[in-house]
Amino acid sequence: MGEYTNNFQAQRGIRKGYPISPLLFMLIMEYLTRLIDRMQLDPNFNHHPKCEKVKMTNLTFADDILLFCREDAISGQMMLQTMHKFSTSTSMVMDPNKCKIYFGGLNFDDRVIMKHVSGFQEGDYPFRYLGVPLTTKKL
């Protein structure tokens, strides 16, 4: 009792509809939130200008997530590294075909670099998130 064991590889997942599935999913999402919180403590990370005052970096609803950062290479790279660490440790991988990247005021060359590094397609404004239209301009 009280001894460490060797690591083991999971062999099976949990069936859809299993009663404990939502709890396990929330525990995993809490881990993601903590990784993002730790990332934003790094002095090299820059918050999105509209989110800086409240230190907001993400909005999450179920399995959807919006990530916010300033449009600079370092902050974007840090965000992608954090998501990669999450994917590596949980085996939950973002599908680049379902992900979009949005820019507000970034020049063309930097947009090309960010799209290439992330592997995401550029999305168009306005777009809807949970039924709310989001845009860079005042509605």
# chains A, B, ... in the order shown; residues from 1 in each chain; ligands from 1
>>> select_by_dssp(residues="chain A", states="strand (DSSP E or B)", output="list in words")
Asn58, Leu59, Thr60, Phe61, Asp64, Ile65, Leu66, Leu67, Lys100, Ile101, Gln121, Glu122, Phe127, Arg128, Tyr129, Val132, Pro133 and Leu134 of chain A
>>> write_last_selection(atoms="all heavy atoms", output="compact mmCIF listing (two decimals), in the first residue's frame")
# COMPACT_ATOMS: atom_id res chain seq x y z
N ASN A 58 -9.66 32.82 -22.87
CA ASN A 58 -10.49 31.81 -23.51
C ASN A 58 -11.94 31.87 -23.03
O ASN A 58 -12.22 32.31 -21.93
CB ASN A 58 -9.93 30.40 -23.27
CG ASN A 58 -9.92 30.01 -21.81
OD1 ASN A 58 -9.34 30.69 -21.00
ND2 ASN A 58 -10.55 28.90 -21.49
N LEU A 59 -12.83 31.42 -23.92
CA LEU A 59 -14.23 31.18 -23.60
C LEU A 59 -14.51 29.74 -23.98
O LEU A 59 -14.19 29.32 -25.10
CB LEU A 59 -15.15 32.10 -24.40
CG LEU A 59 -15.20 33.56 -24.03
CD1 LEU A 59 -16.08 34.32 -25.03
CD2 LEU A 59 -15.74 33.75 -22.64
N THR A 60 -15.11 29.00 -23.08
CA THR A 60 -15.35 27.59 -23.33
C THR A 60 -16.81 27.26 -23.09
O THR A 60 -17.39 27.68 -22.10
CB THR A 60 -14.48 26.71 -22.41
OG1 THR A 60 -13.12 27.11 -22.55
CG2 THR A 60 -14.61 25.25 -22.75
N PHE A 61 -17.40 26.53 -24.00
CA PHE A 61 -18.75 26.02 -23.83
C PHE A 61 -18.75 24.60 -24.37
O PHE A 61 -18.53 24.38 -25.56
CB PHE A 61 -19.78 26.87 -24.57
CG PHE A 61 -21.18 26.38 -24.41
CD1 PHE A 61 -21.87 26.61 -23.23
CD2 PHE A 61 -21.78 25.65 -25.41
CE1 PHE A 61 -23.16 26.14 -23.06
CE2 PHE A 61 -23.08 25.18 -25.26
CZ PHE A 61 -23.76 25.42 -24.08
N ASP A 64 -16.48 23.37 -27.31
CA ASP A 64 -16.07 24.51 -28.15
C ASP A 64 -15.22 25.45 -27.31
O ASP A 64 -15.51 25.68 -26.13
CB ASP A 64 -17.27 25.29 -28.67
CG ASP A 64 -18.02 24.56 -29.75
OD1 ASP A 64 -17.39 23.72 -30.43
OD2 ASP A 64 -19.21 24.83 -29.94
N ILE A 65 -14.20 26.02 -27.93
CA ILE A 65 -13.35 26.97 -27.21
C ILE A 65 -12.93 28.10 -28.15
O ILE A 65 -12.63 27.86 -29.32
CB ILE A 65 -12.12 26.27 -26.60
CG1 ILE A 65 -11.34 27.22 -25.71
CG2 ILE A 65 -11.25 25.65 -27.66
CD1 ILE A 65 -10.33 26.54 -24.81
N LEU A 66 -12.98 29.31 -27.63
CA LEU A 66 -12.43 30.48 -28.32
C LEU A 66 -11.20 30.89 -27.55
O LEU A 66 -11.24 31.03 -26.33
CB LEU A 66 -13.43 31.64 -28.32
CG LEU A 66 -14.65 31.53 -29.20
CD1 LEU A 66 -15.56 32.75 -29.00
CD2 LEU A 66 -14.29 31.41 -30.65
N LEU A 67 -10.09 31.08 -28.24
CA LEU A 67 -8.83 31.49 -27.62
C LEU A 67 -8.49 32.89 -28.10
O LEU A 67 -8.61 33.19 -29.29
CB LEU A 67 -7.71 30.52 -27.99
CG LEU A 67 -7.93 29.07 -27.58
CD1 LEU A 67 -6.88 28.18 -28.21
CD2 LEU A 67 -7.91 28.93 -26.07
N LYS A 100 -10.86 27.53 -36.97
CA LYS A 100 -10.63 28.74 -37.77
C LYS A 100 -9.78 29.69 -36.95
O LYS A 100 -9.79 29.67 -35.72
CB LYS A 100 -11.95 29.43 -38.10
CG LYS A 100 -12.92 28.59 -38.88
CD LYS A 100 -12.89 28.97 -40.32
CE LYS A 100 -14.07 28.37 -41.03
NZ LYS A 100 -13.72 27.37 -41.97
N ILE A 101 -9.04 30.53 -37.66
CA ILE A 101 -8.27 31.57 -37.01
C ILE A 101 -8.78 32.91 -37.54
O ILE A 101 -9.04 33.05 -38.74
CB ILE A 101 -6.75 31.38 -37.23
CG1 ILE A 101 -5.94 32.32 -36.38
CG2 ILE A 101 -6.39 31.48 -38.70
CD1 ILE A 101 -4.46 31.96 -36.30
N GLN A 121 -7.57 27.39 -41.13
CA GLN A 121 -8.05 28.27 -42.18
C GLN A 121 -8.45 29.61 -41.56
O GLN A 121 -8.85 29.66 -40.39
CB GLN A 121 -9.28 27.68 -42.86
CG GLN A 121 -9.03 26.37 -43.56
CD GLN A 121 -10.33 25.80 -44.10
OE1 GLN A 121 -11.32 26.50 -44.25
NE2 GLN A 121 -10.32 24.51 -44.37
N GLU A 122 -8.37 30.67 -42.35
CA GLU A 122 -8.79 31.98 -41.86
C GLU A 122 -10.31 32.08 -41.96
O GLU A 122 -10.89 31.78 -42.99
CB GLU A 122 -8.13 33.10 -42.65
CG GLU A 122 -8.47 34.47 -42.13
CD GLU A 122 -7.70 35.57 -42.82
OE1 GLU A 122 -6.84 35.29 -43.66
OE2 GLU A 122 -7.99 36.74 -42.50
N PHE A 127 -18.97 36.23 -37.41
CA PHE A 127 -19.32 34.82 -37.25
C PHE A 127 -20.13 34.71 -35.97
O PHE A 127 -20.14 35.61 -35.14
CB PHE A 127 -18.09 33.91 -37.23
CG PHE A 127 -17.21 34.07 -36.02
CD1 PHE A 127 -17.34 33.23 -34.93
CD2 PHE A 127 -16.23 35.06 -35.98
CE1 PHE A 127 -16.53 33.36 -33.81
CE2 PHE A 127 -15.41 35.20 -34.88
CZ PHE A 127 -15.56 34.35 -33.79
N ARG A 128 -20.85 33.63 -35.84
CA ARG A 128 -21.71 33.44 -34.66
C ARG A 128 -21.08 32.44 -33.71
O ARG A 128 -20.59 31.39 -34.13
CB ARG A 128 -23.09 32.95 -35.07
CG ARG A 128 -23.90 33.99 -35.79
CD ARG A 128 -25.33 33.51 -36.02
NE ARG A 128 -26.14 34.57 -36.54
CZ ARG A 128 -26.80 35.45 -35.78
NH1 ARG A 128 -26.73 35.35 -34.48
NH2 ARG A 128 -27.51 36.40 -36.32
N TYR A 129 -21.12 32.77 -32.43
CA TYR A 129 -20.69 31.84 -31.38
C TYR A 129 -21.82 31.78 -30.37
O TYR A 129 -22.19 32.81 -29.79
CB TYR A 129 -19.39 32.30 -30.72
CG TYR A 129 -18.89 31.33 -29.68
CD1 TYR A 129 -18.40 30.08 -30.04
CD2 TYR A 129 -18.94 31.65 -28.33
CE1 TYR A 129 -17.95 29.18 -29.08
CE2 TYR A 129 -18.48 30.76 -27.37
CZ TYR A 129 -18.00 29.52 -27.76
OH TYR A 129 -17.56 28.63 -26.81
N VAL A 132 -24.51 34.34 -30.89
CA VAL A 132 -24.16 35.77 -30.80
C VAL A 132 -23.21 36.12 -31.94
O VAL A 132 -22.17 35.48 -32.09
CB VAL A 132 -23.50 36.09 -29.44
CG1 VAL A 132 -23.09 37.55 -29.36
CG2 VAL A 132 -24.41 35.71 -28.30
N PRO A 133 -23.54 37.14 -32.75
CA PRO A 133 -22.62 37.53 -33.81
C PRO A 133 -21.38 38.21 -33.24
O PRO A 133 -21.50 39.10 -32.40
CB PRO A 133 -23.44 38.49 -34.67
CG PRO A 133 -24.55 38.94 -33.83
CD PRO A 133 -24.77 37.91 -32.76
N LEU A 134 -20.20 37.79 -33.65
CA LEU A 134 -18.97 38.38 -33.21
C LEU A 134 -18.28 39.05 -34.39
O LEU A 134 -18.21 38.48 -35.48
CB LEU A 134 -18.04 37.33 -32.60
CG LEU A 134 -18.58 36.59 -31.37
CD1 LEU A 134 -17.60 35.54 -30.92
CD2 LEU A 134 -18.86 37.56 -30.25
>>> residues_around(residues="range 85-91 of chain A", least_positions_apart="4", cutoff="8 Å", atoms="only C-alpha atoms", output="PyMOL selection string")
chain A and resi 28+31-32+35+81
>>> write_last_selection(atoms="all heavy atoms", output="PDB file, in the first residue's frame")
ATOM      1  N   ILE A  28     -10.905  16.996 -17.566  1.00  0.00           N
ATOM      2  CA  ILE A  28      -9.920  17.243 -18.619  1.00  0.00           C
ATOM      3  C   ILE A  28      -9.935  18.712 -19.026  1.00  0.00           C
ATOM      4  O   ILE A  28      -8.885  19.323 -19.234  1.00  0.00           O
ATOM      5  CB  ILE A  28     -10.190  16.328 -19.842  1.00  0.00           C
ATOM      6  CG1 ILE A  28     -10.013  14.870 -19.472  1.00  0.00           C
ATOM      7  CG2 ILE A  28      -9.316  16.715 -21.020  1.00  0.00           C
ATOM      8  CD1 ILE A  28      -8.614  14.488 -19.053  1.00  0.00           C
ATOM      9  N   TYR A  31      -8.067  20.831 -16.649  1.00  0.00           N
ATOM     10  CA  TYR A  31      -6.627  20.754 -16.920  1.00  0.00           C
ATOM     11  C   TYR A  31      -6.235  21.755 -18.012  1.00  0.00           C
ATOM     12  O   TYR A  31      -5.235  22.454 -17.892  1.00  0.00           O
ATOM     13  CB  TYR A  31      -6.249  19.320 -17.312  1.00  0.00           C
ATOM     14  CG  TYR A  31      -4.837  19.156 -17.794  1.00  0.00           C
ATOM     15  CD1 TYR A  31      -3.748  19.424 -16.957  1.00  0.00           C
ATOM     16  CD2 TYR A  31      -4.575  18.734 -19.089  1.00  0.00           C
ATOM     17  CE1 TYR A  31      -2.447  19.278 -17.409  1.00  0.00           C
ATOM     18  CE2 TYR A  31      -3.274  18.572 -19.543  1.00  0.00           C
ATOM     19  CZ  TYR A  31      -2.220  18.854 -18.700  1.00  0.00           C
ATOM     20  OH  TYR A  31      -0.930  18.709 -19.143  1.00  0.00           O
ATOM     21  N   LEU A  32      -7.029  21.835 -19.075  1.00  0.00           N
ATOM     22  CA  LEU A  32      -6.757  22.806 -20.140  1.00  0.00           C
ATOM     23  C   LEU A  32      -6.791  24.228 -19.595  1.00  0.00           C
ATOM     24  O   LEU A  32      -5.913  25.041 -19.900  1.00  0.00           O
ATOM     25  CB  LEU A  32      -7.758  22.653 -21.284  1.00  0.00           C
ATOM     26  CG  LEU A  32      -7.652  23.693 -22.396  1.00  0.00           C
ATOM     27  CD1 LEU A  32      -6.282  23.643 -23.061  1.00  0.00           C
ATOM     28  CD2 LEU A  32      -8.763  23.493 -23.415  1.00  0.00           C
ATOM     29  N   LEU A  35      -3.622  24.925 -17.740  1.00  0.00           N
ATOM     30  CA  LEU A  35      -2.497  25.142 -18.655  1.00  0.00           C
ATOM     31  C   LEU A  35      -2.529  26.549 -19.247  1.00  0.00           C
ATOM     32  O   LEU A  35      -1.501  27.223 -19.331  1.00  0.00           O
ATOM     33  CB  LEU A  35      -2.524  24.117 -19.797  1.00  0.00           C
ATOM     34  CG  LEU A  35      -2.098  22.694 -19.488  1.00  0.00           C
ATOM     35  CD1 LEU A  35      -2.300  21.802 -20.718  1.00  0.00           C
ATOM     36  CD2 LEU A  35      -0.645  22.642 -19.036  1.00  0.00           C
ATOM     37  N   GLN A  81       1.580  26.094 -28.469  1.00  0.00           N
ATOM     38  CA  GLN A  81       2.355  25.155 -27.650  1.00  0.00           C
ATOM     39  C   GLN A  81       1.526  24.634 -26.482  1.00  0.00           C
ATOM     40  O   GLN A  81       1.601  23.450 -26.135  1.00  0.00           O
ATOM     41  CB  GLN A  81       3.623  25.830 -27.137  1.00  0.00           C
ATOM     42  CG  GLN A  81       4.674  26.023 -28.193  1.00  0.00           C
ATOM     43  CD  GLN A  81       5.847  26.863 -27.705  1.00  0.00           C
ATOM     44  OE1 GLN A  81       5.805  27.472 -26.631  1.00  0.00           O
ATOM     45  NE2 GLN A  81       6.901  26.912 -28.508  1.00  0.00           N
TER      46      GLN A  81
END
>>> residues_around(residues="Asp42 in chain A", least_positions_apart="3", cutoff="12 Å", atoms="only C-alpha atoms", output="list in words")
Leu35, Ile36, Asp37, Arg38, Met39, Phe45, Asn46, His47, Ile74, Ser75, Met78, Met79 and Thr82 of chain A
>>> residues_around(residues="Leu23 in chain A", least_positions_apart="6", cutoff="12 Å", atoms="only C-alpha atoms", output="VMD selection string")
chain A and resid 14 17 29 to 30 62
>>> select_by_dssp(residues="range 78-131 of chain A", states="helix (DSSP H, G or I)", output="VMD selection string")
chain A and resid 78 to 90 108 to 118
>>> residues_around(residues="His48 in chain A", least_positions_apart="4", cutoff="10 Å", atoms="only C-alpha atoms", output="NGL selection string")
:A and (52-53 or 55-57 or 67-72 or 75)
>>> write_last_selection(atoms="N, CA, C and O atoms", output="compact mmCIF listing (two decimals), in the first residue's frame")
# COMPACT_ATOMS: atom_id res chain seq x y z
N GLU A 52 -7.27 42.40 -22.12
CA GLU A 52 -6.12 42.56 -21.22
C GLU A 52 -6.53 42.95 -19.81
O GLU A 52 -5.99 42.43 -18.83
N LYS A 53 -7.48 43.85 -19.69
CA LYS A 53 -7.88 44.35 -18.36
C LYS A 53 -8.38 43.22 -17.47
O LYS A 53 -8.06 43.16 -16.29
N LYS A 55 -7.80 39.97 -18.15
CA LYS A 55 -6.91 38.82 -18.32
C LYS A 55 -7.65 37.60 -18.89
O LYS A 55 -7.42 36.47 -18.50
N MET A 56 -8.54 37.85 -19.84
CA MET A 56 -9.30 36.77 -20.46
C MET A 56 -8.52 36.20 -21.64
O MET A 56 -8.06 36.95 -22.50
N THR A 57 -8.38 34.90 -21.67
CA THR A 57 -7.69 34.24 -22.77
C THR A 57 -8.56 33.22 -23.49
O THR A 57 -8.22 32.80 -24.59
N LEU A 67 -10.09 31.08 -28.24
CA LEU A 67 -8.83 31.49 -27.62
C LEU A 67 -8.49 32.89 -28.10
O LEU A 67 -8.61 33.19 -29.29
N PHE A 68 -8.05 33.75 -27.18
CA PHE A 68 -7.74 35.14 -27.50
C PHE A 68 -6.30 35.46 -27.12
O PHE A 68 -5.86 35.12 -26.03
N CYS A 69 -5.59 36.12 -28.02
CA CYS A 69 -4.27 36.66 -27.70
C CYS A 69 -3.96 37.78 -28.67
O CYS A 69 -4.64 37.94 -29.69
N ARG A 70 -2.96 38.56 -28.34
CA ARG A 70 -2.52 39.61 -29.26
C ARG A 70 -1.98 38.96 -30.51
O ARG A 70 -1.44 37.87 -30.48
N GLU A 71 -2.09 39.66 -31.61
CA GLU A 71 -1.65 39.12 -32.89
C GLU A 71 -0.16 39.31 -33.08
O GLU A 71 0.29 40.09 -33.91
N ASP A 72 0.62 38.62 -32.27
CA ASP A 72 2.07 38.61 -32.46
C ASP A 72 2.54 37.16 -32.46
O ASP A 72 1.88 36.28 -31.94
N SER A 75 3.00 35.32 -28.85
CA SER A 75 1.76 34.95 -28.15
C SER A 75 1.04 33.82 -28.88
O SER A 75 0.54 32.89 -28.25
>>> closest_residue(among="A:Arg34, A:Pro126, A:His116, A:Lys138", to="Tyr102 in chain A", atoms="only C-alpha atoms")
A:Pro126
